[in-house]
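K.L.:
Below you will find the structure I want to go over with you.
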Amino acid sequence: MSALRFPLIVLWLLTAPMAASAAPLQAQFMATDACPLFQSKNKQTNPGEHYTQVGQEYAVIEFLGNRDNPSWYRLRTAASQSPQRWVKASCGKISGQPTHISPQKNDAHSCSTAEQYDSHRLALSWQNAFCQLKGRKKAECKAMLFDASLPAHREFSLHGLWPNKQGCGINYGYCGSVATKPKSFCDYPALHLSAPTRQQLEALMPSAQFGTCLQRHEYWKHGSCTDDGAEGYFAQAIRLTQAVNDSHLVRQTLSDHLGKTMSRKQFMQAFMEDFGSTAANKVSLQCQGGMLVEILISLPKALDNGSLSSLLSQADPINPGSCPAQFTIDDPGYH
């Protein structure tokens with residue numbers, strides 16, 4: 001049985017010595033009890049109702065807790081959906097000794113340790129402007145040029161849902177088995193998503209629909225830092241994106257300004273009318289060439305199933321972004 005090749009790291013949280021921490025291991029877990037294999041240990045979700053098989057060995061990805069007394073192990077399993085699963089440490093025995101390396105706070109290792117994030121950013125693209133400025137050669141942009149009925153012409157597209165860690169910024173990522181960005185997004189391992197989730201994702205992420213694989217990059221870089229697995233990660237991202245696209249801001253205000261100039265004040269007023277006055281400094285507007293290209297929405301660490309308004313009220317402020325006082329909402333087609 002081949003050994004796992006992962007960095008061997010334990011993150012000691014100096015401000016809370018007893019708090020759980022995560023560390024990759026080179027070890028095998030031998031199940032002594034039939035215990036649930038959780039996709040998310042916090043939510044106790046177990047898609048497919050998978051349990052450990054007594055006497056079976058599982059490769060260990062990481063553990064939570066003290067090295068000498070872990071509370072949970074993350075294992076590689078045969079589950080078709082979210083094969084990386086959590087199990088209570090008391091459900092088995094470990095063979096192989098983890099090696100301890102004490103990293104400096106927020107060094108490269110601590111910025112790629114799962115479940116150490118403290119907030120989220122939801123990145124949504126205005127696809128018309130993205131294609132106009134950056135993506136003319138992409139399959140999804142070519143398709144949009146000839147099909148004005150695609151929803152992405154009149155609503156935001158999902159770029160990504162990014163767990164953030166203070167001190168790491170956008171470098172917090174690659175917390176799973178993929179450690180670096182490959183040459184092409186389609187070179188990442190394939191994702192195993194249910195048919196309904198894949199269908200919803202393709203409606204909100206044109207790259208997923210037209211085969212340029214942005215969804216793989218978003219999961220392996222960002223989603224791997226959560227414990228929700230690909231299914232749970234994208235279900236959350238889809239829910240939040242739909243909440244924005246179902247708003248009056250998108251359905252009415254932006255639709256009325258397609259191909260026209262609007263003011264930052266108009267955008268912010270509509271955003272606050274939809275999501276509350278506390279949302280005023282929780283959205284960052286990104287512009288290029290005088291056009292709105294993307295918005296970044298600040299969200300708290302715990303997303304659960306809270307409404308977007310509720311989550312925005314708990315989020316930290318974010319910088320206002322690069323958009324000037326007046327900017328254009330790009331309409332379909334290249335100019």
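Residue numbers start at 1 in each chain; chains themselves are named A, B, ... in the order of the structure tokens; ligands are numbered from 1 in the order shown.
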Please provide as a PyMOL selection string all residues within 12 Å of stretch 269-284 of chain A, with the sequence filter that same-chain residues fewer than 3 positions apart are discarded (counting only C-alpha atoms).
P.N.:
chain A and resi 120-125+243-254+262-266+287+292-300+307-324
K.L.:
Could you write out, as a VMD selection string, all the residues of stretch 144-290 of chain A that DSSP marks as strand (DSSP E or B)?
P.N.:
chain A and resid 156 to 164 258 260 to 263 283 to 288
K.L.:
Using only C-alpha atoms, which residue out of A:Cys175, A:Leu214, A:Leu158, A:Cys225 lies closest to A:Arg239?
P.N.:
A:Leu158
K.L.:
Tell me which protein, DNA and RNA residues are within 9 Å of A:Ile329, counting only C-alpha atoms, leaving out same-chain ones fewer than 5 positions away, and put them as an mmCIF file with N, CA and C atoms, in the first residue's frame.
P.N.:
data_model
loop_
_atom_site.group_PDB
_atom_site.id
_atom_site.type_symbol
_atom_site.label_atom_id
_atom_site.label_comp_id
_atom_site.auth_asym_id
_atom_site.auth_seq_id
_atom_site.Cartn_x
_atom_site.Cartn_y
_atom_site.Cartn_z
ATOM 1 N N TRP A 126 -20.043 39.940 -14.234
ATOM 2 C CA TRP A 126 -21.002 40.393 -15.249
ATOM 3 C C TRP A 126 -20.460 39.867 -16.574
ATOM 4 N N ASN A 128 -21.206 39.662 -19.715
ATOM 5 C CA ASN A 128 -21.082 40.440 -20.954
ATOM 6 C C ASN A 128 -19.754 41.199 -20.979
ATOM 7 N N ALA A 129 -19.441 41.865 -19.863
ATOM 8 C CA ALA A 129 -18.214 42.653 -19.798
ATOM 9 C C ALA A 129 -16.986 41.745 -19.758
ATOM 10 N N LEU A 254 -30.466 46.668 -13.028
ATOM 11 C CA LEU A 254 -29.421 46.401 -14.014
ATOM 12 C C LEU A 254 -30.016 46.110 -15.388
ATOM 13 N N SER A 255 -31.142 45.430 -15.409
ATOM 14 C CA SER A 255 -31.809 45.149 -16.688
ATOM 15 C C SER A 255 -32.191 46.440 -17.403
ATOM 16 N N HIS A 257 -30.623 49.139 -17.245
ATOM 17 C CA HIS A 257 -29.425 49.897 -17.617
ATOM 18 C C HIS A 257 -28.513 49.133 -18.571
ATOM 19 N N LEU A 258 -28.987 48.057 -19.175
ATOM 20 C CA LEU A 258 -28.162 47.330 -20.128
ATOM 21 C C LEU A 258 -27.709 48.256 -21.259
ATOM 22 N N GLY A 259 -26.404 48.326 -21.470
ATOM 23 C CA GLY A 259 -25.859 49.189 -22.514
ATOM 24 C C GLY A 259 -25.863 50.654 -22.141
ATOM 25 N N LYS A 260 -26.189 50.957 -20.876
ATOM 26 C CA LYS A 260 -26.278 52.349 -20.432
ATOM 27 C C LYS A 260 -25.339 52.592 -19.247
ATOM 28 N N THR A 261 -25.185 53.851 -18.927
ATOM 29 C CA THR A 261 -24.380 54.244 -17.778
ATOM 30 C C THR A 261 -25.264 54.357 -16.543
ATOM 31 N N MET A 262 -24.749 53.897 -15.424
ATOM 32 C CA MET A 262 -25.436 54.096 -14.153
ATOM 33 C C MET A 262 -24.420 54.586 -13.137
ATOM 34 N N MET A 291 -16.523 49.667 -17.486
ATOM 35 C CA MET A 291 -17.634 48.731 -17.377
ATOM 36 C C MET A 291 -17.562 47.943 -16.066
ATOM 37 N N LEU A 292 -18.724 47.645 -15.495
ATOM 38 C CA LEU A 292 -18.781 46.757 -14.346
ATOM 39 C C LEU A 292 -18.426 45.347 -14.806
ATOM 40 N N VAL A 293 -17.391 44.752 -14.202
ATOM 41 C CA VAL A 293 -16.935 43.417 -14.590
ATOM 42 C C VAL A 293 -17.281 42.379 -13.523
#
